[in-house]
Number of protein chains: 2
Amino acid sequence: MHSGSSGLILGVSRLIFSHESRYQRIEIFENEFFGRVLVLDGCVMTAERDEFIYHEMLVHPGMLVHPNPQEILIIGGGDGGALREALRYPVRKAVLVEIDQAVVDAAKAYLPILSSGFSDPRALVLYEDGFEFLRRTPPESYDLIIVDSPDPVGSAKTLFTKEFYREAFKVLSKPGVLAIQAESPIHHLETIKEIKKHLLSVFGEVHFYTSPMPTYPGGWWCYALCLKGIDGFEPKREPPDGLRYYNHRIHRAAFALPEFLRKDLM
Amino acid sequence: MHSGSSGLILGVSRLIFSHESRYQRIEIFENEFFGRVLVLDGCVMTAERDEFIYHEMLVHPGMLVHPNPQEILIIGGGDGGALREALRYPVRKAVLVEIDQAVVDAAKAYLPILSSGFSDPRALVLYEDGFEFLRRTPPESYDLIIVDSPDPVGSAKTLFTKEFYREAFKVLSKPGVLAIQAESPIHHLETIKEIKKHLLSVFGEVHFYTSPMPTYPGGWWCYALCLKGIDGFEPKREPPDGLRYYNHRIHRAAFALPEFLRKDLM
């Protein structure tokens, strides 16, 4: 359910995986239209048919706004989709910090479209809390930090706090970019305003952008780019080959906010 | 349902209206999150909370691409939302041709947010088939034609044919604009390609654009502007006051198509 009275209904043609991990209930099922769907604690995290939109829009704007991203950190994203997109670039290293190893294991076993990046020699996967990881990381260690978190409830709540953004800022090199998923403009506008307030208390430049996202609440999703030593959100280079959603016109268009959002987020 | 295996689920906190008209089953209910919802033959046509996105994006790009739209024709749109948006401009006349009077009557009675335009002295409502109306209309009678139709099934099927577009072209003045709703990029891509083929057999210039639309299939909707004697989709004037979705940056951004659509639609 996306609110107390609305939600997405997905038929299950086959239940593929179901497991109660230390952190959450993990389910993967097959839907005739959307393909394999990963569900954590009852919330759709990713579906094969439309995941490319979310993962491309979470990763490529940040990657291409940075002049030369080499050291990449992904917090969350245990399905591997964000990692796959980051590894399209000639980066030196991509570290993925996921709290729940069971999600990575399930993705490797049952979501090959998403999890292909885990076998890349540049990828390093660590199983721990993202906030704790940032705390123990030396300053200016990463060029780009991508936060691919679930909604701000339960253990993911800390990933939306001022303290978390402060640690992220510290860990970013200069120039550096923090790219986060920032919830649904139609279902979570109050949360988005809260996120903005926290981000602006740490970063001088924050730009919100959106994309459609069929299996997420409202079918429409918000993201934010937070810049350290970079001006504006213009892409600096050509995108890699093989993308299905992102292109330069889409990049610029995504930052155009509707009137009702613009008043709150610009 | 949006496909055989997926759909939107909306709780009914109160059924407000239910009627089997000559053409379809008409229902209006109250949903806690989306407000009043109009459903025709089981498909969500419009919901109070997000209807502004669809109606603004169906009407304003066409209105503002035209140098001076005075005579407006709306085909379908019995809920009144497109009419309300068109009447924000100092137009001479807005004719709405809806096949089912029962829809207009229900909107007038139970959807005041949408149906306010029906009492405007510039509005004229006719109850007949849109295709038949075009056939009997003299050439070059309208500056802007807006097609606010349901999906291409049943009686609405003719509103997606080459013959219909040919009649629309004939009825348009020069300069003139035809603006249509063109289904969901995620659920109806084959239909959209078909629509494009038909439009291009009649109009020299056709531009597809999209917007999020939470209560429609895929949460994402496609539209097309078809131009007669107008070059390009740049807005010619400032939009009227009071809009909640549309602005000039959104106008230009809406025409940026994702890679997988661009290949098919540009």
# chains A, B, ... in the order shown; residues from 1 in each chain; ligands from 1
>>> calpha_fit_and_write(fixed="chain B", moving="chain A", output="mmCIF file with C-alpha atoms, in the first residue's frame")
data_model
loop_
_atom_site.group_PDB
_atom_site.id
_atom_site.type_symbol
_atom_site.label_atom_id
_atom_site.label_comp_id
_atom_site.auth_asym_id
_atom_site.auth_seq_id
_atom_site.Cartn_x
_atom_site.Cartn_y
_atom_site.Cartn_z
ATOM 1 C CA MET A 1 -6.304 -3.353 -13.628
ATOM 2 C CA HIS A 2 -3.574 -1.899 -15.879
ATOM 3 C CA SER A 3 -2.478 -5.227 -17.315
ATOM 4 C CA GLY A 4 -3.681 -8.771 -16.734
ATOM 5 C CA SER A 5 -1.510 -8.918 -13.617
ATOM 6 C CA SER A 6 -1.092 -5.391 -12.227
ATOM 7 C CA GLY A 7 -3.242 -2.443 -11.263
ATOM 8 C CA LEU A 8 -3.998 0.350 -8.847
ATOM 9 C CA ILE A 9 -5.970 -0.474 -5.727
ATOM 10 C CA LEU A 10 -8.098 2.341 -4.281
ATOM 11 C CA GLY A 11 -10.096 2.015 -1.080
ATOM 12 C CA VAL A 12 -13.683 3.223 -1.301
ATOM 13 C CA SER A 13 -14.556 5.175 1.824
ATOM 14 C CA ARG A 14 -17.934 6.159 0.337
ATOM 15 C CA LEU A 15 -19.724 5.312 -2.899
ATOM 16 C CA ILE A 16 -21.210 8.608 -4.104
ATOM 17 C CA PHE A 17 -22.766 7.742 -7.455
ATOM 18 C CA SER A 18 -23.347 4.634 -9.507
ATOM 19 C CA HIS A 19 -25.263 4.515 -12.760
ATOM 20 C CA GLU A 20 -25.432 2.395 -15.884
ATOM 21 C CA SER A 21 -25.801 4.871 -18.746
ATOM 22 C CA ARG A 22 -26.562 4.032 -22.368
ATOM 23 C CA TYR A 23 -22.802 3.876 -22.999
ATOM 24 C CA GLN A 24 -21.070 2.732 -19.837
ATOM 25 C CA ARG A 25 -21.074 2.140 -16.092
ATOM 26 C CA ILE A 26 -20.364 5.440 -14.292
ATOM 27 C CA GLU A 27 -19.162 5.412 -10.694
ATOM 28 C CA ILE A 28 -17.920 8.148 -8.404
ATOM 29 C CA PHE A 29 -16.483 7.245 -5.026
ATOM 30 C CA GLU A 30 -14.498 8.876 -2.291
ATOM 31 C CA ASN A 31 -10.928 7.692 -1.610
ATOM 32 C CA GLU A 32 -9.175 8.909 1.523
ATOM 33 C CA PHE A 33 -5.956 9.831 -0.295
ATOM 34 C CA PHE A 34 -7.013 10.725 -3.856
ATOM 35 C CA GLY A 35 -10.362 12.378 -3.054
ATOM 36 C CA ARG A 36 -13.323 11.830 -5.355
ATOM 37 C CA VAL A 37 -12.622 9.398 -8.174
ATOM 38 C CA LEU A 38 -14.583 9.040 -11.436
ATOM 39 C CA VAL A 39 -14.567 5.510 -12.844
ATOM 40 C CA LEU A 40 -15.983 4.538 -16.264
ATOM 41 C CA ASP A 41 -16.423 0.817 -16.956
ATOM 42 C CA GLY A 42 -13.934 0.043 -14.185
ATOM 43 C CA CYS A 43 -11.188 2.427 -15.424
ATOM 44 C CA VAL A 44 -10.116 5.440 -13.362
ATOM 45 C CA MET A 45 -10.827 8.523 -15.499
ATOM 46 C CA THR A 46 -9.965 11.198 -13.010
ATOM 47 C CA ALA A 47 -9.255 11.714 -9.301
ATOM 48 C CA GLU A 48 -9.401 15.014 -7.473
ATOM 49 C CA ARG A 49 -5.894 14.832 -6.053
ATOM 50 C CA ASP A 50 -3.910 14.399 -9.272
ATOM 51 C CA GLU A 51 -6.295 15.461 -12.087
ATOM 52 C CA PHE A 52 -4.537 18.846 -12.333
ATOM 53 C CA ILE A 53 -1.443 17.156 -13.764
ATOM 54 C CA TYR A 54 -3.280 15.448 -16.609
ATOM 55 C CA HIS A 55 -5.618 18.327 -17.458
ATOM 56 C CA GLU A 56 -2.904 21.000 -17.339
ATOM 57 C CA MET A 57 -0.578 18.917 -19.501
ATOM 58 C CA LEU A 58 -3.299 18.010 -21.984
ATOM 59 C CA VAL A 59 -4.391 21.631 -22.475
ATOM 60 C CA HIS A 60 -1.607 24.182 -21.811
ATOM 61 C CA PRO A 61 1.163 23.000 -24.173
ATOM 62 C CA GLY A 62 -1.285 23.175 -27.108
ATOM 63 C CA MET A 63 -2.774 26.487 -25.946
ATOM 64 C CA LEU A 64 0.632 28.131 -25.587
ATOM 65 C CA VAL A 65 2.176 26.746 -28.773
ATOM 66 C CA HIS A 66 -0.655 28.392 -30.741
ATOM 67 C CA PRO A 67 -0.150 32.147 -31.361
ATOM 68 C CA ASN A 68 -3.753 33.105 -30.534
ATOM 69 C CA PRO A 69 -6.275 30.326 -29.876
ATOM 70 C CA GLN A 70 -9.847 31.649 -29.884
ATOM 71 C CA GLU A 71 -12.112 28.799 -31.002
ATOM 72 C CA ILE A 72 -11.524 25.670 -28.913
ATOM 73 C CA LEU A 73 -12.988 22.211 -29.443
ATOM 74 C CA ILE A 74 -12.784 19.506 -26.783
ATOM 75 C CA ILE A 75 -13.758 15.966 -27.773
ATOM 76 C CA GLY A 76 -14.624 13.821 -24.762
ATOM 77 C CA GLY A 77 -13.609 15.266 -21.402
ATOM 78 C CA GLY A 78 -17.094 15.005 -19.910
ATOM 79 C CA ASP A 79 -15.693 15.517 -16.404
ATOM 80 C CA GLY A 80 -14.992 19.150 -17.334
ATOM 81 C CA GLY A 81 -11.290 19.248 -16.358
ATOM 82 C CA ALA A 82 -9.973 20.074 -19.847
ATOM 83 C CA LEU A 83 -12.716 22.679 -20.322
ATOM 84 C CA ARG A 84 -11.807 24.347 -17.019
ATOM 85 C CA GLU A 85 -8.168 24.664 -18.145
ATOM 86 C CA ALA A 86 -9.082 25.983 -21.621
ATOM 87 C CA LEU A 87 -11.307 28.664 -20.088
ATOM 88 C CA ARG A 88 -8.357 30.114 -18.150
ATOM 89 C CA TYR A 89 -7.571 31.916 -21.430
ATOM 90 C CA PRO A 90 -9.495 34.784 -23.049
ATOM 91 C CA VAL A 91 -10.940 32.462 -25.706
ATOM 92 C CA ARG A 92 -14.066 33.324 -27.681
ATOM 93 C CA LYS A 93 -15.695 29.904 -27.450
ATOM 94 C CA ALA A 94 -15.031 26.414 -26.077
ATOM 95 C CA VAL A 95 -17.204 23.642 -27.491
ATOM 96 C CA LEU A 96 -17.186 20.314 -25.644
ATOM 97 C CA VAL A 97 -18.511 17.285 -27.523
ATOM 98 C CA GLU A 98 -19.193 14.389 -25.163
ATOM 99 C CA ILE A 99 -21.068 11.293 -26.226
ATOM 100 C CA ASP A 100 -22.512 10.560 -22.781
ATOM 101 C CA GLN A 101 -24.617 13.250 -21.134
ATOM 102 C CA ALA A 102 -24.749 11.159 -17.958
ATOM 103 C CA VAL A 103 -21.011 11.783 -17.389
ATOM 104 C CA VAL A 104 -21.436 15.563 -17.624
ATOM 105 C CA ASP A 105 -24.462 15.449 -15.325
ATOM 106 C CA ALA A 106 -22.582 13.356 -12.754
ATOM 107 C CA ALA A 107 -19.562 15.692 -12.889
ATOM 108 C CA LYS A 108 -21.769 18.744 -12.420
ATOM 109 C CA ALA A 109 -23.456 17.135 -9.426
ATOM 110 C CA TYR A 110 -20.499 15.469 -7.700
ATOM 111 C CA LEU A 111 -17.193 16.828 -9.052
ATOM 112 C CA PRO A 112 -17.379 20.608 -8.577
ATOM 113 C CA ILE A 113 -13.568 21.007 -8.721
ATOM 114 C CA LEU A 114 -13.615 19.678 -12.281
ATOM 115 C CA SER A 115 -16.915 20.872 -13.657
ATOM 116 C CA SER A 116 -16.751 24.593 -12.844
ATOM 117 C CA GLY A 117 -16.318 25.499 -16.532
ATOM 118 C CA PHE A 118 -19.742 24.200 -17.597
ATOM 119 C CA SER A 119 -21.407 27.343 -16.249
ATOM 120 C CA ASP A 120 -19.085 29.682 -18.179
ATOM 121 C CA PRO A 121 -20.992 31.590 -20.905
ATOM 122 C CA ARG A 122 -18.219 30.807 -23.418
ATOM 123 C CA ALA A 123 -18.755 27.047 -22.987
ATOM 124 C CA LEU A 124 -21.093 25.078 -25.246
ATOM 125 C CA VAL A 125 -21.726 21.385 -24.528
ATOM 126 C CA LEU A 126 -23.017 19.024 -27.214
ATOM 127 C CA TYR A 127 -23.929 15.397 -26.634
ATOM 128 C CA GLU A 128 -22.884 13.430 -29.662
ATOM 129 C CA ASP A 129 -20.174 11.247 -31.143
ATOM 130 C CA GLY A 130 -16.944 13.237 -31.634
ATOM 131 C CA PHE A 131 -16.167 11.696 -34.997
ATOM 132 C CA GLU A 132 -19.659 12.479 -36.334
ATOM 133 C CA PHE A 133 -19.332 16.030 -35.034
ATOM 134 C CA LEU A 134 -16.070 16.561 -36.918
ATOM 135 C CA ARG A 135 -17.606 15.169 -40.102
ATOM 136 C CA ARG A 136 -20.395 17.728 -40.116
ATOM 137 C CA THR A 137 -18.174 20.683 -39.088
ATOM 138 C CA PRO A 138 -16.979 23.115 -41.813
ATOM 139 C CA PRO A 139 -13.220 23.224 -42.532
ATOM 140 C CA GLU A 140 -10.949 25.548 -40.518
ATOM 141 C CA SER A 141 -13.485 26.119 -37.725
ATOM 142 C CA TYR A 142 -11.238 25.624 -34.685
ATOM 143 C CA ASP A 143 -7.801 26.850 -33.593
ATOM 144 C CA LEU A 144 -7.230 24.079 -31.078
ATOM 145 C CA ILE A 145 -8.762 20.607 -30.824
ATOM 146 C CA ILE A 146 -8.211 18.688 -27.578
ATOM 147 C CA VAL A 147 -8.993 14.974 -27.519
ATOM 148 C CA ASP A 148 -9.665 13.883 -23.939
ATOM 149 C CA SER A 149 -10.753 10.331 -24.651
ATOM 150 C CA PRO A 150 -10.746 7.076 -22.713
ATOM 151 C CA ASP A 151 -8.535 4.179 -23.877
ATOM 152 C CA PRO A 152 -9.013 3.025 -27.489
ATOM 153 C CA VAL A 153 -11.612 0.375 -26.736
ATOM 154 C CA GLY A 154 -15.373 0.344 -27.406
ATOM 155 C CA SER A 155 -16.883 3.545 -28.796
ATOM 156 C CA ALA A 156 -13.653 5.536 -28.158
ATOM 157 C CA LYS A 157 -11.766 3.364 -30.686
ATOM 158 C CA THR A 158 -12.678 5.613 -33.625
ATOM 159 C CA LEU A 159 -10.962 8.565 -31.888
ATOM 160 C CA PHE A 160 -7.588 6.878 -32.553
ATOM 161 C CA THR A 161 -7.988 6.213 -36.295
ATOM 162 C CA LYS A 162 -6.373 7.784 -39.327
ATOM 163 C CA GLU A 163 -9.845 8.852 -40.519
ATOM 164 C CA PHE A 164 -10.474 10.712 -37.280
ATOM 165 C CA TYR A 165 -7.141 12.547 -37.480
ATOM 166 C CA ARG A 166 -7.895 13.458 -41.091
ATOM 167 C CA GLU A 167 -11.211 15.024 -40.071
ATOM 168 C CA ALA A 168 -9.486 16.858 -37.203
ATOM 169 C CA PHE A 169 -6.885 18.254 -39.602
ATOM 170 C CA LYS A 170 -9.633 19.494 -41.928
ATOM 171 C CA VAL A 171 -11.556 21.194 -39.103
ATOM 172 C CA LEU A 172 -8.428 22.965 -37.784
ATOM 173 C CA SER A 173 -7.691 26.554 -38.824
ATOM 174 C CA LYS A 174 -4.193 27.404 -39.948
ATOM 175 C CA PRO A 175 -2.360 27.881 -37.631
ATOM 176 C CA GLY A 176 -3.978 25.066 -35.690
ATOM 177 C CA VAL A 177 -3.104 22.504 -33.033
ATOM 178 C CA LEU A 178 -4.472 19.063 -32.248
ATOM 179 C CA ALA A 179 -3.585 17.895 -28.702
ATOM 180 C CA ILE A 180 -4.407 14.324 -27.712
ATOM 181 C CA GLN A 181 -3.921 12.021 -24.769
ATOM 182 C CA ALA A 182 -1.797 9.131 -26.035
ATOM 183 C CA GLU A 183 -1.806 6.380 -23.397
ATOM 184 C CA SER A 184 0.894 4.981 -21.074
ATOM 185 C CA PRO A 185 4.517 4.639 -22.259
ATOM 186 C CA ILE A 186 4.980 1.630 -19.999
ATOM 187 C CA HIS A 187 1.701 -0.218 -20.627
ATOM 188 C CA HIS A 188 0.688 0.788 -24.161
ATOM 189 C CA LEU A 189 3.862 1.378 -26.178
ATOM 190 C CA GLU A 190 2.561 -0.576 -29.172
ATOM 191 C CA THR A 191 -0.623 1.527 -29.174
ATOM 192 C CA ILE A 192 1.456 4.716 -29.013
ATOM 193 C CA LYS A 193 3.518 3.642 -32.010
ATOM 194 C CA GLU A 194 0.279 2.968 -33.890
ATOM 195 C CA ILE A 195 -1.059 6.424 -32.940
ATOM 196 C CA LYS A 196 2.173 8.006 -34.147
ATOM 197 C CA LYS A 197 1.944 6.264 -37.506
ATOM 198 C CA HIS A 198 -1.643 7.445 -38.019
ATOM 199 C CA LEU A 199 -0.880 11.017 -36.899
ATOM 200 C CA LEU A 200 2.130 11.300 -39.203
ATOM 201 C CA SER A 201 0.045 10.165 -42.159
ATOM 202 C CA VAL A 202 -1.986 13.369 -41.681
ATOM 203 C CA PHE A 203 0.138 15.969 -39.830
ATOM 204 C CA GLY A 204 3.575 17.120 -40.981
ATOM 205 C CA GLU A 205 4.741 17.829 -37.447
ATOM 206 C CA VAL A 206 3.924 15.616 -34.449
ATOM 207 C CA HIS A 207 5.614 15.929 -31.041
ATOM 208 C CA PHE A 208 5.105 13.437 -28.225
ATOM 209 C CA TYR A 209 5.506 14.468 -24.603
ATOM 210 C CA THR A 210 4.910 12.905 -21.193
ATOM 211 C CA SER A 211 4.067 13.641 -17.582
ATOM 212 C CA PRO A 212 3.715 11.624 -14.406
ATOM 213 C CA MET A 213 0.089 10.726 -13.665
ATOM 214 C CA PRO A 214 -0.278 8.736 -10.431
ATOM 215 C CA THR A 215 -3.763 7.234 -10.939
ATOM 216 C CA TYR A 216 -3.205 6.220 -14.590
ATOM 217 C CA PRO A 217 -1.554 2.944 -15.713
ATOM 218 C CA GLY A 218 2.179 3.038 -15.041
ATOM 219 C CA GLY A 219 1.826 6.367 -13.211
ATOM 220 C CA TRP A 220 3.114 7.969 -16.391
ATOM 221 C CA TRP A 221 1.235 9.370 -19.366
ATOM 222 C CA CYS A 222 1.900 10.292 -22.977
ATOM 223 C CA TYR A 223 0.401 13.118 -25.042
ATOM 224 C CA ALA A 224 0.924 14.385 -28.600
ATOM 225 C CA LEU A 225 0.861 17.847 -30.170
ATOM 226 C CA CYS A 226 0.074 17.820 -33.889
ATOM 227 C CA LEU A 227 0.780 21.087 -35.658
ATOM 228 C CA LYS A 228 -0.815 22.660 -38.737
ATOM 229 C CA GLY A 229 1.096 25.732 -39.904
ATOM 230 C CA ILE A 230 3.167 26.021 -36.712
ATOM 231 C CA ASP A 231 6.867 25.137 -36.360
ATOM 232 C CA GLY A 232 8.210 23.524 -33.206
ATOM 233 C CA PHE A 233 6.790 23.219 -29.709
ATOM 234 C CA GLU A 234 8.115 26.405 -28.075
ATOM 235 C CA PRO A 235 5.498 28.175 -25.915
ATOM 236 C CA LYS A 236 4.532 31.546 -27.435
ATOM 237 C CA ARG A 237 3.137 33.274 -24.339
ATOM 238 C CA GLU A 238 3.128 33.227 -20.548
ATOM 239 C CA PRO A 239 0.783 30.657 -18.977
ATOM 240 C CA PRO A 240 -2.270 31.874 -17.047
ATOM 241 C CA ASP A 241 -2.059 32.281 -13.262
ATOM 242 C CA GLY A 242 -3.047 29.598 -10.807
ATOM 243 C CA LEU A 243 -1.489 26.521 -12.424
ATOM 244 C CA ARG A 244 -0.102 23.831 -10.135
ATOM 245 C CA TYR A 245 1.836 21.605 -12.550
ATOM 246 C CA TYR A 246 2.589 23.469 -15.791
ATOM 247 C CA ASN A 247 5.298 26.093 -16.216
ATOM 248 C CA HIS A 248 7.579 26.931 -19.155
ATOM 249 C CA ARG A 249 10.457 24.762 -17.912
ATOM 250 C CA ILE A 250 8.043 21.841 -17.510
ATOM 251 C CA HIS A 251 6.692 22.494 -21.019
ATOM 252 C CA ARG A 252 10.117 22.110 -22.625
ATOM 253 C CA ALA A 253 11.148 19.277 -20.296
ATOM 254 C CA ALA A 254 8.038 17.244 -21.103
ATOM 255 C CA PHE A 255 9.214 16.816 -24.712
ATOM 256 C CA ALA A 256 12.521 15.250 -23.634
ATOM 257 C CA LEU A 257 11.914 11.549 -24.233
ATOM 258 C CA PRO A 258 13.760 8.700 -22.522
ATOM 259 C CA GLU A 259 16.034 6.608 -24.752
ATOM 260 C CA PHE A 260 13.621 3.701 -25.158
ATOM 261 C CA LEU A 261 10.814 6.078 -26.233
ATOM 262 C CA ARG A 262 12.946 8.440 -28.270
ATOM 263 C CA LYS A 263 13.942 5.640 -30.634
ATOM 264 C CA ASP A 264 10.268 4.902 -31.288
ATOM 265 C CA LEU A 265 8.638 8.320 -31.077
ATOM 266 C CA MET A 266 11.044 10.940 -32.429
#
>>> select_by_dssp(residues="segment 21-133 of chain B", states="strand (DSSP E or B)", output="PyMOL selection string")
chain B and resi 25-31+35-40+43-47+71-76+93-98+123-127
>>> decode(residues="segment 4-60 of chain A", atoms="C-alpha atoms", output="compact mmCIF listing (two decimals), in the first residue's frame")
# COMPACT_ATOMS: atom_id res chain seq x y z
CA GLY A 4 -3.77 3.96 4.00
CA SER A 5 -6.21 3.76 1.09
CA SER A 6 -4.25 3.25 -2.14
CA GLY A 7 -1.58 0.97 -3.52
CA LEU A 8 -0.25 -1.09 -6.37
CA ILE A 9 -1.67 -4.57 -6.87
CA LEU A 10 0.66 -7.12 -8.47
CA GLY A 11 -0.38 -10.67 -9.31
CA VAL A 12 2.03 -13.36 -8.19
CA SER A 13 2.40 -15.96 -10.92
CA ARG A 14 5.17 -17.71 -8.96
CA LEU A 15 6.74 -17.15 -5.55
CA ILE A 16 10.48 -17.57 -6.10
CA PHE A 17 12.01 -16.75 -2.72
CA SER A 18 10.76 -15.97 0.75
CA HIS A 19 12.96 -15.49 3.78
CA GLU A 20 12.86 -13.72 7.11
CA SER A 21 16.33 -12.25 7.57
CA ARG A 22 17.71 -10.63 10.71
CA TYR A 23 16.47 -7.27 9.39
CA GLN A 24 13.38 -7.85 7.28
CA ARG A 25 11.11 -10.14 5.30
CA ILE A 26 12.58 -10.67 1.81
CA GLU A 27 10.37 -11.93 -1.01
CA ILE A 28 10.95 -12.34 -4.72
CA PHE A 29 8.07 -13.28 -6.97
CA GLU A 30 7.29 -13.38 -10.64
CA ASN A 31 4.67 -10.98 -12.06
CA GLU A 32 3.46 -11.51 -15.61
CA PHE A 33 3.85 -7.85 -16.59
CA PHE A 34 6.67 -6.50 -14.40
CA GLY A 35 8.86 -9.63 -14.30
CA ARG A 36 10.65 -10.56 -11.10
CA VAL A 37 9.83 -8.29 -8.18
CA LEU A 38 11.86 -7.84 -4.98
CA VAL A 39 9.75 -6.98 -1.94
CA LEU A 40 11.16 -6.01 1.48
CA ASP A 41 8.72 -5.94 4.41
CA GLY A 42 5.83 -5.68 1.95
CA CYS A 43 7.28 -2.74 -0.06
CA VAL A 44 8.26 -3.14 -3.72
CA MET A 45 12.00 -2.39 -3.93
CA THR A 46 12.58 -3.22 -7.54
CA ALA A 47 10.93 -4.93 -10.52
CA GLU A 48 12.71 -6.15 -13.62
CA ARG A 49 10.56 -4.25 -16.09
CA ASP A 50 11.02 -0.71 -14.76
CA GLU A 51 14.12 -0.87 -12.50
CA PHE A 52 16.25 0.68 -15.27
CA ILE A 53 14.43 4.00 -14.83
CA TYR A 54 15.15 4.28 -11.12
CA HIS A 55 18.72 2.97 -11.22
CA GLU A 56 19.75 5.05 -14.25
CA MET A 57 18.27 8.20 -12.74
CA LEU A 58 19.78 7.57 -9.32
CA VAL A 59 23.29 7.02 -10.70
CA HIS A 60 23.93 8.82 -14.02
